[in-house]
Every structure is written in C-alpha cells, then in structure tokens.
file final-v9.cif (mmCIF, C-alpha atoms)
data_protein
#
loop_
_atom_site.label_atom_id
_atom_site.label_comp_id
_atom_site.auth_asym_id
_atom_site.auth_seq_id
_atom_site.Cartn_x
_atom_site.Cartn_y
_atom_site.Cartn_z
CA ASP A 1 -173.77 49.47 98.49
CA ASP A 2 -176.36 47.77 100.71
CA GLU A 3 -173.92 45.19 102.08
CA PHE A 4 -171.29 47.82 102.86
CA TYR A 5 -173.90 50.03 104.50
CA LEU A 6 -175.29 47.16 106.60
CA ASP A 7 -171.85 45.98 107.70
CA MET A 8 -170.83 49.48 108.80
CA LYS A 9 -174.17 50.13 110.48
CA ARG A 10 -174.01 46.79 112.33
CA ASP A 11 -170.44 47.37 113.58
CA LEU A 12 -171.21 50.89 114.84
CA ILE A 13 -174.46 49.84 116.54
CA ASP A 14 -172.50 47.11 118.36
CA PHE A 15 -170.49 49.94 119.96
CA ASP A 16 -173.66 51.95 120.64
CA ILE A 17 -172.65 54.57 118.06
CA GLN A 18 -175.35 56.29 116.01
CA SER A 19 -174.46 56.95 112.36
CA GLN A 20 -175.66 58.85 109.32
CA PHE A 21 -174.30 57.68 105.97
CA ILE A 22 -173.76 59.90 102.95
CA TYR A 23 -172.78 58.29 99.67
CA TYR A 24 -170.27 59.92 97.36
CA ARG A 25 -173.01 60.37 94.76
CA THR A 26 -175.32 62.17 97.25
CA ASP A 27 -175.94 65.74 96.16
CA VAL A 28 -175.70 67.52 99.52
CA ARG A 29 -176.08 70.87 97.74
CA ASN A 30 -179.70 69.98 97.09
CA LYS A 31 -181.60 71.68 99.92
CA PHE A 32 -184.12 68.84 100.24
CA VAL A 33 -181.32 66.29 100.58
CA ALA A 34 -179.73 68.51 103.23
CA TYR A 35 -183.06 68.82 105.08
CA ASN A 36 -183.50 65.04 105.12
CA LEU A 37 -179.95 64.56 106.42
CA MET A 38 -180.69 66.99 109.24
CA LEU A 39 -183.86 65.12 110.13
CA GLY A 40 -181.90 61.87 110.30
CA LEU A 41 -179.27 63.44 112.56
CA LEU A 42 -181.92 64.91 114.84
CA GLY A 43 -183.76 61.62 115.25
CA LYS A 44 -180.60 59.61 115.88
CA THR A 45 -179.61 61.93 118.73
CA GLY A 46 -183.00 61.64 120.42
CA ASN A 47 -184.35 64.96 119.16
CA TYR A 48 -187.56 65.40 117.17
CA PRO A 49 -188.25 68.39 114.91
CA TYR A 50 -191.91 68.73 115.91
CA PHE A 51 -194.83 67.24 117.82
CA LEU A 52 -198.57 67.62 117.56
CA LYS A 53 -200.19 70.48 119.42
CA ASP A 54 -202.87 68.52 121.25
CA SER A 55 -202.07 66.04 124.00
CA SER A 56 -203.50 62.53 123.94
CA ASN A 57 -204.14 59.76 126.44
CA LYS A 58 -203.34 57.19 123.76
CA VAL A 59 -200.22 55.11 123.24
CA PHE A 60 -199.70 54.20 119.58
CA VAL A 61 -197.86 51.03 118.60
CA GLY A 62 -196.75 50.18 115.06
CA ILE A 63 -196.04 46.56 114.12
CA ASP A 64 -194.61 45.27 110.85
CA LEU A 65 -193.25 41.95 109.64
CA SER A 66 -190.31 41.82 107.23
CA ARG A 67 -188.97 38.76 105.44
CA LYS A 68 -186.27 37.66 103.00
CA VAL A 69 -185.33 34.44 101.24
CA ARG A 70 -182.57 32.46 102.93
CA SER A 71 -179.19 32.46 101.18
CA SER A 72 -179.67 28.73 100.57
CA ASN A 73 -183.00 29.52 98.85
CA LYS A 74 -184.67 27.14 101.31
CA GLY A 75 -187.46 28.99 103.07
CA THR A 76 -187.51 32.54 104.39
CA VAL A 77 -186.21 34.50 107.38
CA HIS A 78 -188.64 36.75 109.28
CA ALA A 79 -188.30 39.68 111.68
CA VAL A 80 -190.80 41.90 113.50
CA GLY A 81 -190.45 45.65 113.92
CA THR A 82 -192.05 47.50 116.83
CA ALA A 83 -192.38 51.29 117.18
CA ILE A 84 -194.06 52.83 120.23
CA ILE A 85 -195.24 56.46 120.38
CA VAL A 86 -195.97 57.24 124.02
CA ASP A 87 -197.30 60.77 123.58
CA VAL A 88 -197.93 62.66 120.37
CA SER A 89 -197.70 66.08 122.05
CA ASN A 90 -194.83 68.18 123.37
CA GLY A 91 -192.60 66.17 125.69
CA GLY A 92 -193.60 62.80 124.29
CA THR A 93 -191.26 60.08 123.10
CA ILE A 94 -191.00 57.84 120.08
CA THR A 95 -189.52 54.56 121.20
CA TYR A 96 -187.94 51.61 119.45
CA LYS A 97 -188.26 48.24 121.14
CA ASN A 98 -186.39 45.05 120.29
CA ILE A 99 -188.61 42.01 120.89
CA ASN A 100 -186.47 39.09 119.84
CA VAL A 101 -188.97 36.34 119.08
CA PRO A 102 -189.53 34.31 115.90
CA ALA A 103 -192.21 35.13 113.37
CA GLY A 104 -193.64 32.72 110.86
CA GLY A 105 -195.17 33.42 107.47
CA GLU A 106 -197.24 36.60 107.55
CA ALA A 107 -198.35 36.02 111.14
CA VAL A 108 -196.85 37.36 114.33
CA GLU A 109 -196.16 34.60 116.85
CA LYS A 110 -198.03 34.39 120.18
CA ALA A 111 -194.72 34.79 122.03
CA TYR A 112 -194.29 38.22 120.47
CA VAL A 113 -197.81 39.29 121.48
CA LYS A 114 -197.15 38.19 125.07
CA SER A 115 -193.83 40.07 125.20
CA LEU A 116 -195.44 43.19 123.76
CA ALA A 117 -198.34 43.09 126.23
CA ASN A 118 -195.94 42.78 129.17
CA MET A 119 -193.87 45.65 127.79
CA LEU A 120 -196.96 47.86 127.48
CA TYR A 121 -198.32 46.99 130.92
CA LYS A 122 -196.89 50.22 132.37
CA TYR A 123 -199.27 52.11 130.06
CA LYS A 124 -202.37 50.21 131.18
CA ASP A 125 -203.95 53.46 132.42
CA ARG A 126 -203.90 54.80 128.86
CA PHE A 127 -205.70 53.63 125.73
CA ILE A 128 -203.37 51.58 123.52
CA VAL A 129 -203.88 51.68 119.75
CA ILE A 130 -202.04 49.04 117.73
CA HIS A 131 -201.42 49.71 114.04
CA ARG A 132 -200.66 46.43 112.28
CA ASP A 133 -199.06 46.84 108.87
CA GLY A 134 -200.85 44.41 106.55
CA LYS A 135 -203.57 41.86 107.10
CA MET A 136 -203.94 40.12 110.43
CA SER A 137 -204.70 36.41 110.59
CA MET A 138 -207.42 35.07 112.88
CA ASP A 139 -204.79 33.33 115.03
CA GLU A 140 -202.92 36.59 115.48
CA LEU A 141 -206.13 38.52 116.17
CA ASN A 142 -207.21 35.97 118.76
CA ALA A 143 -203.76 36.14 120.39
CA TYR A 144 -204.06 39.90 120.82
CA MET A 145 -207.62 39.67 122.12
CA GLU A 146 -206.76 36.94 124.62
CA ILE A 147 -203.41 38.20 125.91
CA PHE A 148 -204.06 41.95 125.86
CA SER A 149 -207.47 41.48 127.49
CA ASN A 150 -205.78 39.62 130.36
CA VAL A 151 -202.73 41.87 130.73
CA ILE A 152 -204.01 45.32 129.73
CA GLY A 153 -207.79 44.99 130.01
CA PRO A 154 -210.43 44.24 127.34
CA LYS A 155 -211.54 47.89 127.05
CA LYS A 156 -208.09 49.46 127.12
CA PHE A 157 -206.84 48.71 123.61
CA ALA A 158 -207.78 48.71 119.93
CA LEU A 159 -206.44 46.83 116.91
CA VAL A 160 -206.27 48.51 113.51
CA SER A 161 -204.97 46.95 110.28
CA ILE A 162 -203.41 49.31 107.74
CA LEU A 163 -202.98 48.20 104.13
CA LYS A 164 -200.51 50.20 102.03
CA SER A 165 -201.01 48.50 98.66
CA GLY A 166 -203.73 46.81 96.66
CA THR A 167 -206.25 49.38 97.83
CA PRO A 168 -209.08 50.91 95.77
CA ARG A 169 -208.28 54.31 94.25
CA ILE A 170 -210.02 57.55 95.22
CA PHE A 171 -210.74 60.29 92.70
CA ARG A 172 -212.72 63.51 92.81
CA MET A 173 -214.45 65.46 90.07
CA LYS A 174 -213.58 69.12 89.51
CA GLY A 175 -216.02 70.10 86.82
CA ASN A 176 -215.25 67.76 83.96
CA VAL A 177 -211.75 66.98 85.26
CA VAL A 178 -210.91 63.84 87.23
CA ASP A 179 -208.36 64.73 89.91
CA ASN A 180 -206.59 63.20 92.90
CA PRO A 181 -208.28 63.71 96.28
CA SER A 182 -206.99 66.11 98.91
CA LYS A 183 -205.46 64.80 102.10
CA GLY A 184 -208.17 63.70 104.52
CA HIS A 185 -210.72 62.54 101.95
CA ALA A 186 -212.18 59.14 102.80
CA ILE A 187 -214.63 56.57 101.51
CA LEU A 188 -216.34 54.59 104.25
CA LEU A 189 -216.66 50.92 103.34
CA SER A 190 -218.40 49.92 106.57
CA GLU A 191 -218.68 51.07 110.17
CA GLN A 192 -215.20 49.64 110.80
CA GLU A 193 -213.39 50.13 107.49
CA ALA A 194 -212.42 53.01 105.21
CA VAL A 195 -210.12 54.00 102.35
CA ILE A 196 -208.39 57.30 103.15
CA SER A 197 -206.23 59.82 101.34
CA THR A 198 -203.19 60.68 103.47
CA TYR A 199 -201.14 62.82 101.09
CA LYS A 200 -201.31 64.96 97.96
CA PRO A 201 -199.13 63.49 95.18
CA SER A 202 -197.09 65.88 93.07
CA ARG A 203 -197.70 63.66 90.05
CA GLY A 204 -199.35 60.39 89.13
CA THR A 205 -202.28 58.63 90.76
CA HIS A 206 -202.86 58.81 94.48
CA ILE A 207 -202.54 55.48 96.36
CA PRO A 208 -204.69 55.60 99.51
CA LEU A 209 -204.49 53.57 102.70
CA ARG A 210 -207.14 51.06 103.70
CA ILE A 211 -207.71 50.91 107.42
CA LYS A 212 -209.96 48.65 109.46
CA VAL A 213 -210.75 48.68 113.16
CA LEU A 214 -210.54 45.01 114.06
CA TYR A 215 -211.17 45.28 117.78
CA GLY A 216 -211.88 47.86 120.47
CA ASP A 217 -214.16 50.73 121.42
CA TYR A 218 -212.54 52.96 118.85
CA PRO A 219 -214.85 54.80 116.40
CA LEU A 220 -213.75 54.73 112.76
CA ASN A 221 -213.72 58.52 112.42
CA GLU A 222 -211.34 58.73 115.40
CA ALA A 223 -209.13 56.03 113.89
CA ILE A 224 -208.97 57.96 110.60
CA GLU A 225 -208.12 61.21 112.38
CA ASP A 226 -205.33 59.54 114.36
CA VAL A 227 -203.78 58.01 111.22
CA LEU A 228 -203.80 61.42 109.52
CA LYS A 229 -202.20 63.08 112.55
CA LEU A 230 -199.50 60.45 112.76
CA THR A 231 -198.44 61.06 109.15
CA LEU A 232 -197.18 64.42 110.43
CA LEU A 233 -194.86 62.66 112.89
CA ASN A 234 -193.33 60.56 110.13
CA PHE A 235 -190.26 62.75 109.73
CA SER A 236 -188.24 60.21 107.78
CA SER A 237 -188.47 62.78 104.99
CA PHE A 238 -188.93 66.55 104.92
CA THR A 239 -191.85 66.21 102.53
CA LEU A 240 -195.26 65.11 103.80
CA ASN A 241 -195.49 61.35 104.03
CA LYS A 242 -198.17 58.88 103.07
CA LEU A 243 -197.70 56.59 106.07
CA PRO A 244 -198.33 57.26 109.76
CA ALA A 245 -195.19 57.21 111.88
CA THR A 246 -196.28 53.96 113.56
CA VAL A 247 -196.30 51.89 110.39
CA ALA A 248 -193.44 53.71 108.65
CA PHE A 249 -191.04 53.36 111.58
CA ALA A 250 -192.03 49.75 112.30
CA ASP A 251 -191.31 48.93 108.65
CA ARG A 252 -187.77 50.35 108.90
CA ILE A 253 -187.13 48.66 112.26
CA ALA A 254 -188.26 45.29 110.88
CA TRP A 255 -185.94 45.68 107.86
CA PHE A 256 -182.95 46.39 110.11
CA ASN A 257 -183.87 43.52 112.45
CA LEU A 258 -183.98 41.24 109.43
CA HIS A 259 -180.35 42.15 108.70
CA GLY A 260 -179.15 41.64 112.26
CA ILE A 261 -179.21 45.30 113.32
CA ALA A 262 -181.20 45.55 116.54
CA PRO A 263 -179.77 47.63 119.40
CA GLU A 264 -180.84 46.43 122.83
CA ASP A 265 -181.70 49.88 124.15
CA ALA A 266 -182.51 52.69 121.76
CA ASP A 267 -185.18 54.61 123.68
CA GLY A 268 -185.65 57.93 121.96
CA ASN A 269 -182.82 57.38 119.45
CA LEU A 270 -184.30 56.70 116.04
CA PHE A 271 -181.37 54.73 114.61
CA PHE A 272 -183.48 53.56 111.68
CA LEU A 273 -183.98 56.96 110.02
#
call {"tool": "encode", "arguments": {"input": "final-v9.cif", "output": "structure tokens"}}
result
Amino acid sequence: DDEFYLDMKRDLIDFDIQSQFIYYRTDVRNKFVAYNLMLGLLGKTGNYPYFLKDSSNKVFVGIDLSRKVRSSNKGTVHAVGTAIIVDVSNGGTITYKNINVPAGGEAVEKAYVKSLANMLYKYKDRFIVIHRDGKMSMDELNAYMEIFSNVIGPKKFALVSILKSGTPRIFRMKGNVVDNPSKGHAILLSEQEAVISTYKPSRGTHIPLRIKVLYGDYPLNEAIEDVLKLTLLNFSSFTLNKLPATVAFADRIAWFNLHGIAPEDADGNLFFL
C-alpha cells in the first residue's frame, strides 16, 4: 500500500496536482473518518479550518529530520522537513518550504541552517521561534547561533528542542486515585526546561512532551504557552493532537522528502496532510 501511495503521490505532485487518497477499506461512513478527510482536503487547497484568536509578532518554524536505511543496507538516507507558521491569527499562513540540502546522522547540516536563515530574513522584524524535533547537537546549536545572529540578529530568535518520546511521565492524585494530568499541566525541571501535558488521553498513560529553551530571550512559561497553542493548529486530525503544528507538520514533510516527494512551491497548500 505504501509504495502504491507514494508512487501515485509523487506522479501527481510532479504535475502540481494535490491529492487525497481513500483506500477501499476506509470506512467513510464513520463521521470521524469523514471529518479527517475534509480537513485533508481543506489543507491541500490552501484553506485552514481555524486560527487562534490572538495575533502574534512571532514566526514559528518546525524542523525535523527523517531517515531510512538504504536499499543496499549500506548506511542511511536523510531528509529535513521545514514548516513555517507566519501568523497564528486570522489571515496568517502555514507554509511548507523545500530546502534541498544534505543532512547527516541526527544533525542538521550548516548549509541547511544558512539556507533557512536567508529564507527567514524577510521576517527579521518579527521574533522567530524555532522548534527542533529531537535533541540538538552542539555543532547544530552553534550553527544556528552563529548564522542566525549574523543574518537575523542575536536578539531576534529563539531555539527550542521538543522531545516526543523517552520523557518522564506526569500523574496527578485525585483523592486516592492516580490519574492522567489535564492539558496544560507542567513540571518545571529548570528555568529553561519543562515536561508538559499537551493532551488528555482517552485511555492509557499520558506521554508528555519535554521542551527546553536552548537559546534566546524567551521565558519558559511563554514557550510552554506557545507549544500548547500550536497544538490547536495541528489539524492533521479532527481530535485534539499531542504535538504542536510546527513539529507535527515538519515530521510529515521530512517523511515525504525522504521518499522523493517535495514540491518546489507549496505555499499555503498542505500537501502532506
């Protein structure tokens, strides 16, 4: 199924045609399935079902690295996904950008950082918040600090790492009952780092996010609030999502890039939904 889907998706993207696939086994009579299909169609035509009420002077950027083993089983292939949210309020845009540079291991190459900084230069009058999915190496951190400080300005951006797995669990006591936390609960690990609850699971144990402000004049409580707000813009599913739109969309973009699906110009069209 995956190979057929990827081949069809790749061929249609080559002709600049957006597509929404429905498998024969898909139960379109299920209202939640139908809702999710409608969200996909909306996003792929450049329409968004909702925005946040309050405007913001920030530009949010999600970055993720995807990898797969080569068919020869010799080494791995890497791809970077980049999602840019220019304005979280009414009239804003969620933008995909294709930055075609190599990535090695779990680190993002310096060439990518330079391309991204040049791309974001037009937003230098705003405050740029970069959400990096996963841990950031010192080389990568130094690349951002050096290049973005020169191109954007040392006080005009912040770097935040977001870990989706391997995080400590959060529980709360309700009398003698141990329960999952509500959305928005957080445990502060330091002045720059926290574990936060971003969703309410219907069953099972809640898996929180671990976020850390690595650089920038960006208070932790503000970083937490922004992550929680951006989960509302993650309309890849009709149900509330665990991940902020920055990280969730960058993850999907990286996966498609890894499989050779990377339209040159997809401003506003969320082909990856």
call {"tool": "resolve_selection", "arguments": {"input": "final-v9.cif", "expression": "the PyMOL selection byres ((chain A and resi 149) around 12)", "output": "number ranges by chain"}}
result
A: 113-114, 117-118, 121, 124, 128, 141-148, 150-159, 215-216
call {"tool": "residues_around", "arguments": {"input": "final-v9.cif", "residues": "Val213 of chain A", "least_positions_apart": "4", "cutoff": "7 Å", "atoms": "only C-alpha atoms", "output": "number ranges by chain"}}
result
A: 159-161, 192-193, 220
call {"tool": "atom_distance", "arguments": {"input": "final-v9.cif", "atom1": "atom CA of Tyr112 of chain A", "atom2": "atom CA of Ile261 of chain A"}}
result
18.1 Å
call {"tool": "atom_distance", "arguments": {"input": "final-v9.cif", "atom1": "atom CA of Leu188 of chain A", "atom2": "atom CA of His206 of chain A"}}
result
17.2 Å
call {"tool": "closest_residue", "arguments": {"input": "final-v9.cif", "among": "A:Leu41, A:Thr26, A:Asp125, A:Leu228", "to": "Asn57 of chain A", "atoms": "only C-alpha atoms"}}
result
A:Asp125
call {"tool": "atom_distance", "arguments": {"input": "final-v9.cif", "atom1": "atom CA of Tyr50 of chain A", "atom2": "atom CA of Leu258 of chain A"}}
result
29.3 Å
call {"tool": "closest_residue", "arguments": {"input": "final-v9.cif", "among": "A:Thr82, A:Ser190, A:Asn47, A:Asn30", "to": "Ile130 of chain A", "atoms": "only C-alpha atoms"}}
result
A:Thr82
call {"tool": "closest_residue", "arguments": {"input": "final-v9.cif", "among": "A:Ala262, A:Leu243, A:Ala248, A:Leu65", "to": "Leu12 of chain A", "atoms": "all atoms listed in the file"}}
result
A:Ala262
call {"tool": "residues_near_point", "arguments": {"input": "final-v9.cif", "point": "(-181.5, 61.9, 117.0)", "cutoff": "10 Å", "atoms": "only C-alpha atoms", "output": "NGL selection string"}}
result
:A and (18-19 or 38-49 or 268-271 or 273)
call {"tool": "write_last_selection", "arguments": {"input": "final-v9.cif", "atoms": "C-alpha atoms", "output": "tab-separated table (two decimals), in the coordinates of the input"}}
result
chain	number	residue	atom	x	y	z
A	18	GLN	CA	-175.35	56.29	116.01
A	19	SER	CA	-174.46	56.95	112.36
A	38	MET	CA	-180.69	66.99	109.24
A	39	LEU	CA	-183.86	65.12	110.13
A	40	GLY	CA	-181.90	61.87	110.30
A	41	LEU	CA	-179.27	63.44	112.56
A	42	LEU	CA	-181.92	64.91	114.84
A	43	GLY	CA	-183.76	61.62	115.25
A	44	LYS	CA	-180.60	59.61	115.88
A	45	THR	CA	-179.61	61.93	118.73
A	46	GLY	CA	-183.00	61.64	120.42
A	47	ASN	CA	-184.35	64.96	119.16
A	48	TYR	CA	-187.56	65.40	117.17
A	49	PRO	CA	-188.25	68.39	114.91
A	268	GLY	CA	-185.65	57.93	121.96
A	269	ASN	CA	-182.82	57.38	119.45
A	270	LEU	CA	-184.30	56.70	116.04
A	271	PHE	CA	-181.37	54.73	114.61
A	273	LEU	CA	-183.98	56.96	110.02
call {"tool": "closest_residue", "arguments": {"input": "final-v9.cif", "among": "A:Lys97, A:Arg132, A:Lys53, A:Lys174", "to": "Pro244 of chain A", "atoms": "only C-alpha atoms"}}
result
A:Arg132
